[in-house]
Amino acid sequence: MRSVYAVTGGVSKFTKARPDKTFQAVVKEAYDYAIGDLSLEHEQFIEIVDGSVASYFSDHFTRQLMAGIMVQDYLGLCPKPGHRVEGGGATGGICFQEAWKQVASGYMDVCLAYGFETMSHVNTWKGNEFIALASDVSFDYPVGGFYSGYYAMMVTRHMKEFGTTVEQMAQVSVKNHRNAYHNPYAQKRMKLTIEDVRNSPMVAWPLTRLDICVMSDGAAAVILASEEGLAKLERASGVSIPRVVVSGIGKGTDAMRMADRPHQDFEDFVKYNLLDCENNDKDLEYYQDLWDKGFRYPGIHSFRAGRMASKEAYKNGGIHDPLEELDFVEIHDAYTSSEIQTYEDMGLCRYGEGGSFVESGKVFVPGIDYGLNLKDKPICPVNPSGVLIACGHPVGATGLMQAVFAIWQLQGTVEKHFGDPALQIEGARRGAIHSHAGTGTYVTVSILEIGDE
Amino acid sequence: MSNKTKIKAKIDETDTGTTLFNVPFPTTLDKKTLTALKLQAPVMIKQPYQIDYIHSYGQDSPWFSGLANKHLLGNRDPETGYTYAQPRGHDMYSGEETDWIELPTEGRVHAFTVCHFGSEEFLPETPFILTLVEFKHVDTLLLTRLLGVDPDEASLDWIGMQVKAKFRRLSKFKPTDVYFVPK
C-alpha cells in the first residue's frame with residue numbers, strides 16, 4: 001500500500017441547531033473551507049478529486065434515506081464514485097479510514113471524506129431515543145434505553161474496581177471545556193471548576209450534564225491524497241502543502257450487548273490484548289496483581305475494541321510507547337468517564353490508572369491555566385480542541401472534525417484557523433485520533449504525523 | 001443529589017406549535033425583494049413519523065415466553081458450558097448452537113446507574129435504576145431494572161448487593177417482564 005497524506009479540511013461551527021441551512025448546505029461550508037485553505041476554486045478541485053466517502057450516523061435524525069448522495073449532488077461531485085459508511089459514533093473515524101483505503105489501494109489519488117449530522121430536528125428526549133436504538137432493541141433498549149445510563153453503569157464498575165472518583169472525571173470536563181475556550185468552532189467554550197461539574201444536574205448517576213457531550217448540528221470535510229494527488233493539488237493551487245502522512249490505522253470491535261462482554265483470564269489478556277509498551281516484567285506483575293484481586297478483562301469497565309484499534313494502529317504506525325511517542329491525542333470523549341477509560345485502552349497509562357493519570361496533569365495543554373493543582377508537566381495533551389464534550393457531537397461529522405484539528409495541529413496552523421495560538425502544541429510531530437461507537441462496539445484509531453517534505 | 005427540589009426558571013418547549021395559513025412575503029417580486037429573500041428566516045414545519053413494526057424475537061422467543069411463566073432462562077454451549085444470561089442462539093467462541101437452561105433467580109449487582117433523564121419513551125419512569133446482574137456459574141451479565149432501593153441514595157456500596165428476580169404478573173413480552181429487588 002502507498003503513503004496517504006491528510007491534506008487539509010474544514011469544519012462548520014458545531015451548534016445546537018442550524019435551521020438556516022439544509023444538511024447539504026452545511027457540508028458545503030466545511031467543503032468550501034477545505035478547498036479555500038488550498039487556495040483552490042471549486043472548478044479546479046473538481047478537476048482533480050477522484051471521489052468521496054460520506055459519513056452520517058442516523059437515518060432517523062435525517063428522516064431521509066440516501067442523504068449521502070444528496071450531499072454528493074449538492075457539492076457538485078456527481079458522477080464521480082462515492083458511498084456512505086455508518087458505524088454509530090465511530091462513523092466519522094470509519095469514514096476517514098475508508099477514504100484512506102481509497103487512496104492507499106491506488107483506487108484514487110485524491111479522495112474527499114465528508115460527514116454531517118442534523119440532530120436538532122427532534123427534541124432532546126426523542127434524540128436520546130434514536131441514539132438508544134443503537135443498542136439491542138430486543139434486550140437493551142426496552143429496559144430503559146439511554147446511552148448516558150449505559151456509560152454510567154460502566155463507570156460505576158470502573159470506580160468500584162479501581163477507585164476512580166467523580167472529581168477525577170470532572171477534571172476531564174474542566175480540561176476539555178477550558179481548551180475549547182480557545183477553539184472558535186466549539187459549541188461550549190467554558191471556564192469551569194470541579195464543583196461546577198458536580199453541581200450541574202444529575203443525568204445518570206454519577207454522570208452530570210457537564211460529564212456528557214451534547215447533541216449538535218454540524219459538518220466536517222477532510223481531503224486525503226497520494227503523493228501524485230498532492231502534486232496535482234500543488235500544481236493547480238501553486239502553493240506548497242505541508243506533508244501530514246497517515247502513518248497507521250487500526251480498528252477493533254466488541255459485542256453489541258454490554259452484558260455479553262467477556263471476563264477473560266490473565267493468559268488470554270497477555271496473549272491477545274497486551275500492548276508492546278506493557279510487555280515488561282514490571283507491567284506484567286502489575287496486571288497479574290490486578291487479576292489476583294479479581295479483575296477480569298475487558299468486563300464492562302474497559303473497551304476491548306479501543307485496545308485492539310490502538311494495538312493495530314501502533315503496529316502499523318511503528319509506535320512502541322504511545323505516551324512518549326504521541327505529541328497529542330484527540331479522544332472520542334462522549335463522556336468524561338469514557339475519556340478516562342480510553343487513556344487505558346490506548347496505553348497512555350495502564351488499566352486501572354486512568355483516574356490518577358488525568359489528575360497528574362500529563363494530558364493537559366501547556367500554558368493554559370485550568371485553575372487546578374496539577375503536579376506533573378504536560379506530556380501528551382489529550383483533546384486540545386475540546387472535542388465532543390465541548391465542541392459538540394454531530395455524530396457523522398465528529399470523527400472527521402478530529403482529523404481536521406489533528407492536521408492543523410501538525411501543520412502548525414492552529415492560530416491561522418482558530419485565530420488564537422493557545423492550543424498549538426509546540427513541536428507536535430505525531431498525533432492520534434480516536435473514534436468510538438456504541439458502548440465500545442466499533443473503535444478506530446488513526447495515527448497522523450509530519451511527513452518528509 | 002436529588003433533582004426534584006430544583007425550582008423551574010424556564011418554560012417547557014413543546015412541538016405543538018400553531019396552525020398558520022400564511023407567512024410574510026414581499027408583495028411584489030423585483031430585483032431588490034428577490035435579493036432580500038436570502039435574509040429570510042427559515043420556514044420550519046412539523047413532520048410526523050409514526051410506525052408500528054412487526055418485531056420477532058426469533059430464536060430468542062422462548063426467553064420471553066419463559067418470563068411470562070415466571071422462569072428466567074439462559075443459554076449454554078453444550079460442549080464448553082459457557083453460559084449466557086441474555087439469550088444467544090450460537091456461542092461466540094465455539095460457533096455451536098446453544099442449549100436452553102434455567103438461570104438462578106438470585107444474583108448480585110455488578111454495576112448500576114440511576115437515570116434522572118432518558119429517552120422520550122422512558123421519561124415518565126424517571127428516576128429509574130438500570131443494573132447489570134451477575135450470577136454464579138454464569139459467564140455473562142443481565143441488563144435489568146433494580147427496584148426496592150431509594151434512587152436518591154445511590155451509592156457504590158450497591159455493587160455486590162444480593163438481589164432476586166421478580167416477575168410481572170401481566171406479561172408485556174419485554175425484557176422488563178423480569179426485574180430485580182434486594183434479597
# chains A, B, ... in the order shown; residues from 1 in each chain; ligands from 1
>>> select_by_dssp(residues="region 68-173 of chain B", states="helix (DSSP H, G or I)", output="PyMOL selection string")
chain B and resi 68+120-125+151-153+156-158
>>> write_last_selection(atoms="C-alpha atoms", output="CSV table (one decimal), in the first residue's frame")
chain,number,residue,atom,x,y,z
B,68,ALA,CA,-44.3,-14.8,31.0
B,120,GLU,CA,-38.7,10.0,25.5
B,121,GLU,CA,-40.3,6.6,25.9
B,122,PHE,CA,-38.9,6.2,29.5
B,123,LEU,CA,-39.0,9.8,30.7
B,124,PRO,CA,-42.2,9.3,32.7
B,125,GLU,CA,-40.5,6.5,34.6
B,151,PRO,CA,-32.9,6.3,43.8
B,152,ASP,CA,-31.8,9.4,45.8
B,153,GLU,CA,-29.5,7.2,47.9
B,156,LEU,CA,-21.2,2.4,45.1
B,157,ASP,CA,-22.0,0.1,48.0
B,158,TRP,CA,-24.9,-1.1,46.0
>>> interface_residues(of="chain B", to="chain A", cutoff="8 Å", atoms="only C-alpha atoms", output="PyMOL selection string")
chain B and resi 1-3+41-42+44+57+84+86+110-123+130-132+139-145+154+156+159+174-176
>>> select_by_dssp(residues="region 175-263 of chain A", states="strand (DSSP E or B)", output="number ranges by chain")
A: 202-204, 207-208, 212, 217-225, 244-253, 263
>>> write_last_selection(atoms="N, CA and C atoms", output="compact mmCIF listing (two decimals), in the first residue's frame")
# COMPACT_ATOMS: atom_id res chain seq x y z
N MET A 202 -27.87 16.11 37.75
CA MET A 202 -27.53 14.69 37.61
C MET A 202 -28.33 14.11 36.44
N VAL A 203 -27.65 13.45 35.52
CA VAL A 203 -28.33 12.84 34.38
C VAL A 203 -28.48 11.34 34.62
N ALA A 204 -27.36 10.66 34.81
CA ALA A 204 -27.37 9.23 35.14
C ALA A 204 -26.24 9.03 36.14
N LEU A 207 -22.97 10.50 36.54
CA LEU A 207 -22.63 11.45 35.48
C LEU A 207 -23.60 12.64 35.49
N THR A 208 -23.04 13.85 35.54
CA THR A 208 -23.87 15.06 35.48
C THR A 208 -23.89 15.58 34.05
N ILE A 212 -21.14 15.00 30.10
CA ILE A 212 -21.72 14.37 28.92
C ILE A 212 -21.74 15.34 27.75
N ASP A 217 -25.79 20.13 15.52
CA ASP A 217 -25.83 20.13 14.05
C ASP A 217 -24.44 20.55 13.59
N GLY A 218 -23.93 19.88 12.57
CA GLY A 218 -22.62 20.31 12.09
C GLY A 218 -22.09 19.38 11.01
N ALA A 219 -21.01 19.82 10.37
CA ALA A 219 -20.41 19.05 9.28
C ALA A 219 -18.90 19.25 9.30
N ALA A 220 -18.20 18.29 8.69
CA ALA A 220 -16.75 18.40 8.55
C ALA A 220 -16.33 17.71 7.26
N ALA A 221 -15.20 18.13 6.72
CA ALA A 221 -14.69 17.52 5.49
C ALA A 221 -13.17 17.43 5.57
N VAL A 222 -12.62 16.34 5.02
CA VAL A 222 -11.17 16.14 5.00
C VAL A 222 -10.76 15.71 3.60
N ILE A 223 -9.63 16.22 3.15
CA ILE A 223 -9.10 15.80 1.85
C ILE A 223 -7.88 14.91 2.08
N LEU A 224 -7.90 13.73 1.46
CA LEU A 224 -6.77 12.79 1.56
C LEU A 224 -6.19 12.59 0.16
N ALA A 225 -4.88 12.41 0.09
CA ALA A 225 -4.27 12.29 -1.24
C ALA A 225 -3.02 11.43 -1.21
N VAL A 244 1.45 15.94 5.88
CA VAL A 244 0.99 15.20 7.06
C VAL A 244 0.57 13.83 6.56
N VAL A 245 1.29 12.80 7.01
CA VAL A 245 1.03 11.46 6.50
C VAL A 245 0.20 10.67 7.51
N VAL A 246 -0.72 9.85 7.00
CA VAL A 246 -1.47 8.95 7.88
C VAL A 246 -0.63 7.69 7.99
N SER A 247 0.08 7.55 9.10
CA SER A 247 1.11 6.51 9.16
C SER A 247 0.61 5.17 9.69
N GLY A 248 -0.60 5.15 10.22
CA GLY A 248 -1.13 3.87 10.69
C GLY A 248 -2.61 3.98 11.01
N ILE A 249 -3.36 2.93 10.69
CA ILE A 249 -4.77 2.90 11.10
C ILE A 249 -5.05 1.58 11.81
N GLY A 250 -6.03 1.61 12.70
CA GLY A 250 -6.44 0.39 13.40
C GLY A 250 -7.91 0.47 13.74
N LYS A 251 -8.54 -0.71 13.82
CA LYS A 251 -9.97 -0.76 14.14
C LYS A 251 -10.25 -2.00 14.99
N GLY A 252 -11.12 -1.87 15.95
CA GLY A 252 -11.50 -3.01 16.77
C GLY A 252 -13.00 -3.03 16.98
N THR A 253 -13.51 -4.17 17.45
CA THR A 253 -14.95 -4.32 17.67
C THR A 253 -15.20 -5.03 19.00
N HIS A 263 -15.13 -11.84 30.31
CA HIS A 263 -14.33 -11.59 31.51
C HIS A 263 -13.14 -12.54 31.43
>>> closest_residue(among="A:Ala403, A:Ala236, A:Val363, A:Ala25", to="His42 (chain A)", atoms="only C-alpha atoms")
A:Ala236
>>> closest_residue(among="A:Tyr335, A:Met215, A:Met190, A:Leu40", to="Gly238 (chain A)", atoms="only C-alpha atoms")
A:Leu40
>>> closest_residue(among="B:Lys6, B:Phe25, B:Gly89, B:Val138", to="Leu39 (chain B)", atoms="only C-alpha atoms")
B:Phe25
>>> residues_around(residues="Met92 (chain B)", least_positions_apart="4", cutoff="10 Å", atoms="only C-alpha atoms", output="ChimeraX atom specification")
/A:255,260 /B:77,82,88,96-98
>>> write_last_selection(atoms="N, CA and C atoms", output="CSV table (one decimal), in the first residue's frame")
chain,number,residue,atom,x,y,z
A,255,ALA,N,-18.8,-6.9,21.4
A,255,ALA,CA,-20.2,-7.3,21.5
A,255,ALA,C,-21.1,-6.1,21.6
A,260,ASP,N,-22.7,-9.0,27.3
A,260,ASP,CA,-22.1,-10.2,26.7
A,260,ASP,C,-20.5,-10.1,26.7
B,77,ASP,N,-23.4,-23.3,26.0
B,77,ASP,CA,-22.8,-24.1,25.0
B,77,ASP,C,-22.7,-25.5,25.5
B,82,TYR,N,-20.0,-22.7,28.5
B,82,TYR,CA,-20.1,-21.2,28.6
B,82,TYR,C,-21.5,-20.8,28.6
B,88,ARG,N,-28.7,-16.2,23.5
B,88,ARG,CA,-27.9,-16.2,22.4
B,88,ARG,C,-27.9,-17.5,21.7
B,96,GLU,N,-21.1,-23.0,18.1
B,96,GLU,CA,-22.1,-24.1,18.2
B,96,GLU,C,-23.4,-23.5,18.7
B,97,GLU,N,-24.5,-24.2,18.3
B,97,GLU,CA,-25.8,-23.8,18.7
B,97,GLU,C,-25.9,-24.1,20.2
B,98,THR,N,-26.5,-23.1,21.0
B,98,THR,CA,-26.6,-23.3,22.4
B,98,THR,C,-27.8,-24.0,22.9
>>> residues_around(residues="Pro24 (chain B)", least_positions_apart="2", cutoff="12 Å", atoms="only C-alpha atoms", output="ChimeraX atom specification")
/B:20-22,26-28,37,40-41,43
>>> write_last_selection(atoms="C-alpha atoms", output="short mmCIF file (atom, residue, chain, number, x, y, z; two decimals), in the first residue's frame")
data_model
loop_
_atom_site.label_atom_id
_atom_site.label_comp_id
_atom_site.auth_asym_id
_atom_site.auth_seq_id
_atom_site.Cartn_x
_atom_site.Cartn_y
_atom_site.Cartn_z
CA LEU B 20 -50.51 29.03 10.28
CA PHE B 21 -52.01 29.66 6.85
CA ASN B 22 -49.72 32.35 5.51
CA PRO B 26 -42.77 40.57 -0.43
CA THR B 27 -45.98 41.80 -2.08
CA THR B 28 -44.09 42.32 -5.33
CA LEU B 37 -35.17 36.67 0.29
CA GLN B 40 -35.41 35.44 5.31
CA ALA B 41 -35.61 33.23 8.41
CA VAL B 43 -39.65 28.04 7.34
#
>>> atom_distance(atom1="CA of Met308 (chain A)", atom2="CA of Asp109 (chain A)")
29.0 Å
>>> residues_around(residues="Ser237 (chain A)", least_positions_apart="3", cutoff="7 Å", atoms="only C-alpha atoms", output="PyMOL selection string")
chain A and resi 38-40+233-234
>>> write_last_selection(atoms="C-alpha atoms", output="PDB file, in the first residue's frame")
ATOM      1  CA  LEU A  38      -5.678  25.084  -0.558  1.00  0.00           C
ATOM      2  CA  SER A  39      -6.374  28.314  -2.473  1.00  0.00           C
ATOM      3  CA  LEU A  40      -8.425  26.321  -4.959  1.00  0.00           C
ATOM      4  CA  LEU A 233      -3.233  19.827  -5.921  1.00  0.00           C
ATOM      5  CA  GLU A 234       0.014  21.793  -5.619  1.00  0.00           C
TER       6      GLU A 234
END
>>> atom_distance(atom1="CA of Gly17 (chain B)", atom2="CA of Ile45 (chain B)")
9.0 Å
>>> atom_distance(atom1="CA of Thr16 (chain B)", atom2="CA of Phe14 (chain A)")
26.6 Å
>>> residues_around(residues="Gly386 (chain A)", least_positions_apart="2", cutoff="7 Å", atoms="only C-alpha atoms", output="JSON, numbers by chain")
{"A": [176, 177, 179, 180, 383, 384, 388, 389, 390, 391]}
>>> closest_residue(among="A:Gly9, A:Gly87, A:Gly352, A:Pro394", to="Trp408 (chain A)", atoms="only C-alpha atoms")
A:Gly9
>>> residues_around(residues="Trp63 (chain B)", least_positions_apart="4", cutoff="7 Å", atoms="only C-alpha atoms", output="ChimeraX atom specification")
/B:67,73,87
>>> write_last_selection(atoms="C-alpha atoms", output="compact mmCIF listing (two decimals), in the first residue's frame")
# COMPACT_ATOMS: atom_id res chain seq x y z
CA LEU B 67 -40.60 -14.77 31.66
CA LEU B 73 -33.86 -18.76 31.04
CA PRO B 87 -30.13 -15.36 25.28
